[in-house]
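I have placed the structure first, in the form of structure tokens, so that the comments after it can refer back to it.
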Amino acid sequence: MTKPIRVVVTGAAGQIAYSLLYSIAKGDVFGKDQPIILVLLDIPPMLPVLDGVVMELQDCALPLLMEVIPTDKVEVGFKDIDAAILVGSMPRKEGMERKDLLKANVAIFKTQGAALDKFAKKTVKVVVVGNPANTNCLIASKSAPSIPKENFSCLTRLDHNRASSQVAMRCGVSSDKVKNVIIWGNHSSTQYPDVHHAKVTVSGAEKPAYDAVKDEAWLRGDFISTVQLRGAAVIKARKLSSAMSAAKAICDHVRDIWFGTKEGEFISMGVYAAGNSYGIPEDLIYSFPIEIKNQTWKMVDGLPINDFSRGKMDATAAELVEERDTALDFLSQ
């Protein structure tokens, strides 16, 4: 029998986790023969809700799920962890300044980073979902100096999937016929969804996305804004944030870390920018095109960048620099 892995999900009583936990526990992420110990971490007021989630996971009668551990203590939550999916964060409340949001989240991710540093395996893979995800990820990483920076990533796969799906619908093909879209930068409305390097398979022939879509005005206009603002559109319609699609994107992201990307394909994730070939400031978590092999990611280098893309890539980098500088001020206080 394969040795179980320990996976922690934070914000485990929330609605993204509610869509996510079943997929993890039934083997969609870490493989169909990988037993799992699932650790559910949330804040003390959410413990009664967590008990309900535990009951439901038990009632799913899943053969791979060895144990479920609900807790509000980081020393329990991060002990000997193989994978940490940090979903919980302080959500933005109405009338809240972005600065206040950053301050609250710096406190959360400083604590969780320090706990990872102290209690988790040094090989732990950490995925930050809670917003502002890129900057939260940077703070967690800086608070866990003994864990390699490469082990930290943040979720931009939801944006990536949204972009792929928009192109697929536009071309009248299924979404698996679209590959190599890129999300550059911040998981915010400044992100840049880029299809200059994407390919679409139409009637059995693979062609560049611009040739398949045949509508440059849409690709440089409404396509970009639709992807950038999709989260807000879902909230407006549902009165709740996107949970099902976010959970699916987390599964895609973590499964690719675990098992690698397909040959000739790259995906988008926020990673530490050091050593990038695209002129992005180094001390950031920034979303790049990424290939993964043997649980190790590498940036796809040397893609030609036109002036249109350059401007958008720099704008989202500028926002991240500003966020980082504000967050680091709070971190040093």
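Residue names in the structure tokens use chain letters A, B, ... in the order shown, residue numbers from 1 in each chain, and ligand numbers from 1 in the order shown.
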
Practice task
Go through segment 101-230 of chain A and collect every residue that DSSP, computed from the backbone, puts in alpha helix (DSSP H); the answer should be as a PyMOL selection string.
Solution key: chain A and resi 101-119+133-142+157-171+209-213+216-220+222-228+230

Problem - Long-range neighbours of Asp211 of chain A as a list in words, 10 Å cut-off, only C-alpha atoms, 5 positions minimum in chain - result: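 My reading of the contact set: Lys199, Val200 and Glu216 of chain A.
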
Same residues, N, CA and C atoms, output as a JSON list (two decimals), in the first residue's frame:
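Once everything was written out, this is result.json:
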```json
[["chain", "number", "residue", "atom", "x", "y", "z"],
["A", 199, "LYS", "N", -2.41, 27.95, -29.39],
["A", 199, "LYS", "CA", -2.75, 27.17, -30.59],
["A", 199, "LYS", "C", -4.17, 26.61, -30.41],
["A", 200, "VAL", "N", -4.90, 26.57, -31.51],
["A", 200, "VAL", "CA", -6.24, 25.99, -31.50],
["A", 200, "VAL", "C", -6.31, 24.92, -32.59],
["A", 216, "GLU", "N", -9.08, 40.18, -34.48],
["A", 216, "GLU", "CA", -8.03, 40.80, -33.65],
["A", 216, "GLU", "C", -8.62, 41.81, -32.67]]
```

Handout entry: Spatial neighbours of Ala107 of chain A, max dist 10 Å, only C-alpha atoms, sep filter under 6 positions, as a PyMOL selection string
Key = chain A and resi 90+136+139-140+327+330-331

Restricting the output to N, CA, C and O atoms, write the selected residues as an mmCIF file, in the first residue's frame.
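Now in selection_37.cif:
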```cif
data_model
loop_
_atom_site.group_PDB
_atom_site.id
_atom_site.type_symbol
_atom_site.label_atom_id
_atom_site.label_comp_id
_atom_site.auth_asym_id
_atom_site.auth_seq_id
_atom_site.Cartn_x
_atom_site.Cartn_y
_atom_site.Cartn_z
ATOM 1 N N MET A 90 -8.511 36.946 4.272
ATOM 2 C CA MET A 90 -9.483 37.970 4.649
ATOM 3 C C MET A 90 -10.127 38.506 3.373
ATOM 4 O O MET A 90 -9.435 39.062 2.512
ATOM 5 N N ASN A 136 0.114 37.537 -1.151
ATOM 6 C CA ASN A 136 -0.004 36.610 -0.017
ATOM 7 C C ASN A 136 1.023 35.486 -0.133
ATOM 8 O O ASN A 136 1.645 35.077 0.847
ATOM 9 N N ILE A 139 4.507 36.797 0.771
ATOM 10 C CA ILE A 139 4.648 36.966 2.219
ATOM 11 C C ILE A 139 4.839 35.605 2.904
ATOM 12 O O ILE A 139 5.690 35.445 3.775
ATOM 13 N N ALA A 140 4.057 34.626 2.484
ATOM 14 C CA ALA A 140 4.191 33.274 3.060
ATOM 15 C C ALA A 140 5.600 32.731 2.812
ATOM 16 O O ALA A 140 6.249 32.193 3.715
ATOM 17 N N ALA A 327 2.959 45.664 1.368
ATOM 18 C CA ALA A 327 2.919 44.470 2.235
ATOM 19 C C ALA A 327 4.197 44.336 3.061
ATOM 20 O O ALA A 327 4.157 43.999 4.245
ATOM 21 N N PHE A 330 4.204 46.507 6.073
ATOM 22 C CA PHE A 330 3.426 45.897 7.169
ATOM 23 C C PHE A 330 4.195 44.742 7.816
ATOM 24 O O PHE A 330 4.159 44.563 9.019
ATOM 25 N N LEU A 331 4.903 43.964 6.984
ATOM 26 C CA LEU A 331 5.632 42.786 7.461
ATOM 27 C C LEU A 331 6.729 43.202 8.442
ATOM 28 O O LEU A 331 6.998 42.512 9.430
#
```

Segment 63-101 of chain A residues near segment 146-168 of chain A within 12 Å, closest pair each, using only C-alpha atoms, as CSV:
```
residue,atom,partner,partner_atom,distance
A:Asp82,CA,A:Asn151,CA,10.8
A:Ala83,CA,A:Asn151,CA,9.7
A:Ala84,CA,A:Phe152,CA,9.6
A:Ile85,CA,A:Cys154,CA,9.5
A:Leu86,CA,A:Cys154,CA,9.2
A:Val87,CA,A:Leu155,CA,9.9
```

Exercise for the section: Taking the chain letters and numbering used in this document, name the residues of segment 57-240 of chain A that DSSP puts in strand (DSSP E), as number ranges by chain. Expected result: A: 65-71, 83-86, 125-128, 152-154, 178-179, 182-184, 192-194, 199-202, 205-208

Just the selected residues (N, CA, C and O atoms), exported as a compact mmCIF listing (two decimals), in the first residue's frame, please.
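What landed in selection.txt:
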```txt
# COMPACT_ATOMS: atom_id res chain seq x y z
N LEU A 65 -9.41 8.04 1.39
CA LEU A 65 -9.36 9.00 2.50
C LEU A 65 -9.13 8.25 3.82
O LEU A 65 -10.04 7.64 4.37
N MET A 66 -7.89 8.31 4.30
CA MET A 66 -7.49 7.56 5.50
C MET A 66 -7.98 8.22 6.78
O MET A 66 -8.35 7.57 7.73
N GLU A 67 -7.94 9.55 6.79
CA GLU A 67 -8.26 10.29 8.01
C GLU A 67 -8.58 11.74 7.65
O GLU A 67 -8.01 12.28 6.70
N VAL A 68 -9.49 12.35 8.42
CA VAL A 68 -9.79 13.77 8.28
C VAL A 68 -9.56 14.43 9.63
O VAL A 68 -10.10 13.97 10.64
N ILE A 69 -8.75 15.48 9.64
CA ILE A 69 -8.39 16.14 10.90
C ILE A 69 -8.82 17.60 10.85
O ILE A 69 -8.20 18.42 10.15
N PRO A 70 -9.90 17.98 11.55
CA PRO A 70 -10.28 19.39 11.60
C PRO A 70 -9.53 20.09 12.72
O PRO A 70 -9.34 19.52 13.80
N THR A 71 -9.07 21.32 12.49
CA THR A 71 -8.31 22.02 13.53
C THR A 71 -8.34 23.53 13.32
O THR A 71 -8.57 24.00 12.20
N ALA A 83 1.50 18.75 1.07
CA ALA A 83 0.93 19.77 0.18
C ALA A 83 0.03 20.68 1.01
O ALA A 83 -0.77 20.19 1.82
N ALA A 84 0.18 21.99 0.81
CA ALA A 84 -0.64 22.97 1.52
C ALA A 84 -1.37 23.82 0.51
O ALA A 84 -0.75 24.44 -0.36
N ILE A 85 -2.69 23.83 0.60
CA ILE A 85 -3.52 24.63 -0.30
C ILE A 85 -4.16 25.73 0.55
O ILE A 85 -5.05 25.46 1.36
N LEU A 86 -3.63 26.94 0.41
CA LEU A 86 -4.01 28.05 1.31
C LEU A 86 -5.14 28.86 0.66
O LEU A 86 -4.90 29.79 -0.11
N LYS A 125 4.80 21.38 -1.06
CA LYS A 125 4.37 22.26 -2.15
C LYS A 125 3.24 23.12 -1.62
O LYS A 125 2.25 22.60 -1.10
N VAL A 126 3.40 24.43 -1.74
CA VAL A 126 2.44 25.38 -1.18
C VAL A 126 1.76 26.14 -2.32
O VAL A 126 2.44 26.76 -3.15
N VAL A 127 0.44 26.09 -2.34
CA VAL A 127 -0.33 26.81 -3.36
C VAL A 127 -1.22 27.83 -2.66
O VAL A 127 -2.03 27.46 -1.80
N VAL A 128 -1.07 29.09 -3.02
CA VAL A 128 -1.86 30.15 -2.40
C VAL A 128 -3.01 30.54 -3.33
O VAL A 128 -2.79 30.86 -4.50
N PHE A 152 6.72 27.43 -3.64
CA PHE A 152 5.54 28.29 -3.48
C PHE A 152 5.00 28.71 -4.84
O PHE A 152 5.77 29.11 -5.72
N SER A 153 3.70 28.63 -5.00
CA SER A 153 3.08 29.15 -6.22
C SER A 153 1.71 29.71 -5.86
O SER A 153 1.16 29.40 -4.80
N CYS A 154 1.17 30.56 -6.74
CA CYS A 154 -0.20 31.02 -6.51
C CYS A 154 -1.05 30.71 -7.73
O CYS A 154 -0.55 30.50 -8.83
N VAL A 178 -7.71 23.90 -27.21
CA VAL A 178 -6.96 25.16 -27.07
C VAL A 178 -5.80 24.91 -26.11
O VAL A 178 -6.00 24.35 -25.03
N LYS A 179 -4.60 25.30 -26.50
CA LYS A 179 -3.47 25.14 -25.58
C LYS A 179 -2.56 26.36 -25.61
O LYS A 179 -2.55 27.14 -26.57
N ILE A 182 -1.66 32.20 -22.08
CA ILE A 182 -0.81 32.62 -20.96
C ILE A 182 -1.55 33.68 -20.16
O ILE A 182 -2.15 34.59 -20.73
N ILE A 183 -1.48 33.55 -18.84
CA ILE A 183 -1.86 34.66 -17.97
C ILE A 183 -0.56 35.24 -17.42
O ILE A 183 0.20 34.53 -16.76
N TRP A 184 -0.31 36.50 -17.71
CA TRP A 184 0.88 37.19 -17.18
C TRP A 184 0.47 38.02 -15.97
O TRP A 184 -0.54 38.72 -15.99
N TYR A 192 -2.83 39.97 -17.56
CA TYR A 192 -2.86 40.05 -19.02
C TYR A 192 -3.03 38.65 -19.62
O TYR A 192 -2.09 37.87 -19.65
N PRO A 193 -4.25 38.34 -20.09
CA PRO A 193 -4.46 37.07 -20.80
C PRO A 193 -3.95 37.22 -22.24
O PRO A 193 -4.43 38.09 -22.98
N ASP A 194 -2.99 36.39 -22.61
CA ASP A 194 -2.24 36.55 -23.86
C ASP A 194 -2.41 35.30 -24.72
O ASP A 194 -2.11 34.19 -24.28
N LYS A 199 -2.41 27.95 -29.39
CA LYS A 199 -2.75 27.17 -30.59
C LYS A 199 -4.17 26.61 -30.41
O LYS A 199 -4.55 26.23 -29.30
N VAL A 200 -4.90 26.57 -31.51
CA VAL A 200 -6.24 25.99 -31.50
C VAL A 200 -6.31 24.92 -32.59
O VAL A 200 -5.87 25.15 -33.72
N THR A 201 -6.85 23.76 -32.22
CA THR A 201 -7.04 22.70 -33.22
C THR A 201 -8.47 22.79 -33.76
O THR A 201 -9.43 22.59 -33.02
N VAL A 202 -8.57 23.14 -35.04
CA VAL A 202 -9.87 23.27 -35.70
C VAL A 202 -9.91 22.27 -36.86
O VAL A 202 -9.00 22.25 -37.69
N ALA A 205 -6.72 20.39 -37.66
CA ALA A 205 -5.49 21.13 -37.96
C ALA A 205 -5.20 22.14 -36.85
O ALA A 205 -6.08 22.89 -36.43
N GLU A 206 -3.93 22.13 -36.38
CA GLU A 206 -3.54 23.07 -35.32
C GLU A 206 -3.10 24.40 -35.95
O GLU A 206 -2.30 24.41 -36.87
N LYS A 207 -3.67 25.50 -35.44
CA LYS A 207 -3.27 26.80 -36.00
C LYS A 207 -3.15 27.82 -34.88
O LYS A 207 -3.72 27.64 -33.80
N PRO A 208 -2.39 28.91 -35.12
CA PRO A 208 -2.29 29.97 -34.11
C PRO A 208 -3.67 30.52 -33.76
O PRO A 208 -4.54 30.62 -34.64
```

Problem - Selected residue, from A:Ile267, A:Ile5, A:Ala17, A:Leu116, that lies nearest to Lys79 of chain A when counting only C-alpha atoms - result: A:Leu116

Exercise for the section: Mind giving me the straight-line distance from atom CA of Ile235 of chain A to atom CA of Ser188 of chain A in Å, one decimal? Expected result: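 Straight-line distance from atom CA of Ile235 of chain A to atom CA of Ser188 of chain A works out to 14.6 Å.
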
Exercise for the section: Between A:Lys293, A:Lys73, A:Lys236, A:His253, single out the one closest to Leu41 of chain A, counting only C-alpha atoms. Expected result: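 Of A:Lys293, A:Lys73, A:Lys236, A:His253, the one nearest Leu41 of chain A is A:Lys73, counting only C-alpha atoms.
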
Exercise for the section: Measure the distance from atom CA of Met169 of chain A to atom CA of Thr190 of chain A in Å and round it to one decimal. Expected result: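 Interatomic distance, atom CA of Met169 of chain A to atom CA of Thr190 of chain A: 23.1 Å.
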
Exercise for the section: Can you pull out every residue within 9 Å of Trp258 of chain A, counting only C-alpha atoms, but drop anything in the same chain fewer than 6 positions away, and send it as a VMD selection string? Expected result: chain A and resid 29 to 31 292 to 296

Problem - A:Val39, A:Val106, A:Leu20, A:Ile81 ranked by distance to Asp329 of chain A, top pick (using only C-alpha atoms) - result: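 Among the listed residues, A:Val106 lies closest to Asp329 of chain A.
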
Problem - Contacts of Ile43 of chain A within 10 Å, only C-alpha atoms, excl. fewer than 3 positions in-chain, as a list in words - result: Thr10, Gly11, Ala12, Ala13, Met46, Leu47, Leu50, Thr71, Asp72, Lys73, Val74 and Gly88 of chain A

Let me see the file: selected residues, N, CA, C and O atoms, as a compact mmCIF listing (two decimals), in the first residue's frame.
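Contents of part06.txt, as written:
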```txt
# COMPACT_ATOMS: atom_id res chain seq x y z
N THR A 10 -6.63 25.25 3.93
CA THR A 10 -7.05 26.30 4.89
C THR A 10 -8.34 26.95 4.37
O THR A 10 -8.69 26.80 3.20
N GLY A 11 -9.02 27.64 5.26
CA GLY A 11 -10.34 28.17 4.88
C GLY A 11 -11.27 27.01 4.57
O GLY A 11 -12.15 27.09 3.71
N ALA A 12 -11.08 25.90 5.31
CA ALA A 12 -11.69 24.62 4.94
C ALA A 12 -13.19 24.58 5.15
O ALA A 12 -13.87 23.69 4.64
N ALA A 13 -13.73 25.55 5.88
CA ALA A 13 -15.19 25.61 6.06
C ALA A 13 -15.84 26.50 4.99
O ALA A 13 -17.06 26.62 4.96
N MET A 46 -15.34 28.87 13.00
CA MET A 46 -15.80 27.98 11.93
C MET A 46 -15.74 26.50 12.30
O MET A 46 -16.11 25.64 11.51
N LEU A 47 -15.24 26.18 13.51
CA LEU A 47 -15.08 24.76 13.88
C LEU A 47 -16.38 23.96 13.84
O LEU A 47 -16.37 22.81 13.37
N LEU A 50 -16.91 23.09 10.31
CA LEU A 50 -15.93 22.07 9.91
C LEU A 50 -16.38 20.67 10.32
O LEU A 50 -16.17 19.72 9.58
N THR A 71 -9.07 21.32 12.49
CA THR A 71 -8.31 22.02 13.53
C THR A 71 -8.34 23.53 13.32
O THR A 71 -8.57 24.00 12.20
N ASP A 72 -8.11 24.27 14.41
CA ASP A 72 -7.91 25.72 14.29
C ASP A 72 -6.49 26.09 14.71
O ASP A 72 -6.17 27.26 14.87
N LYS A 73 -5.63 25.08 14.86
CA LYS A 73 -4.26 25.34 15.35
C LYS A 73 -3.24 25.08 14.24
O LYS A 73 -3.20 23.99 13.67
N VAL A 74 -2.39 26.09 13.98
CA VAL A 74 -1.42 25.94 12.89
C VAL A 74 -0.42 24.82 13.15
O VAL A 74 0.02 24.14 12.22
N GLY A 88 -7.90 30.05 2.57
CA GLY A 88 -8.44 31.03 3.51
C GLY A 88 -7.68 32.34 3.46
O GLY A 88 -6.46 32.37 3.44
```
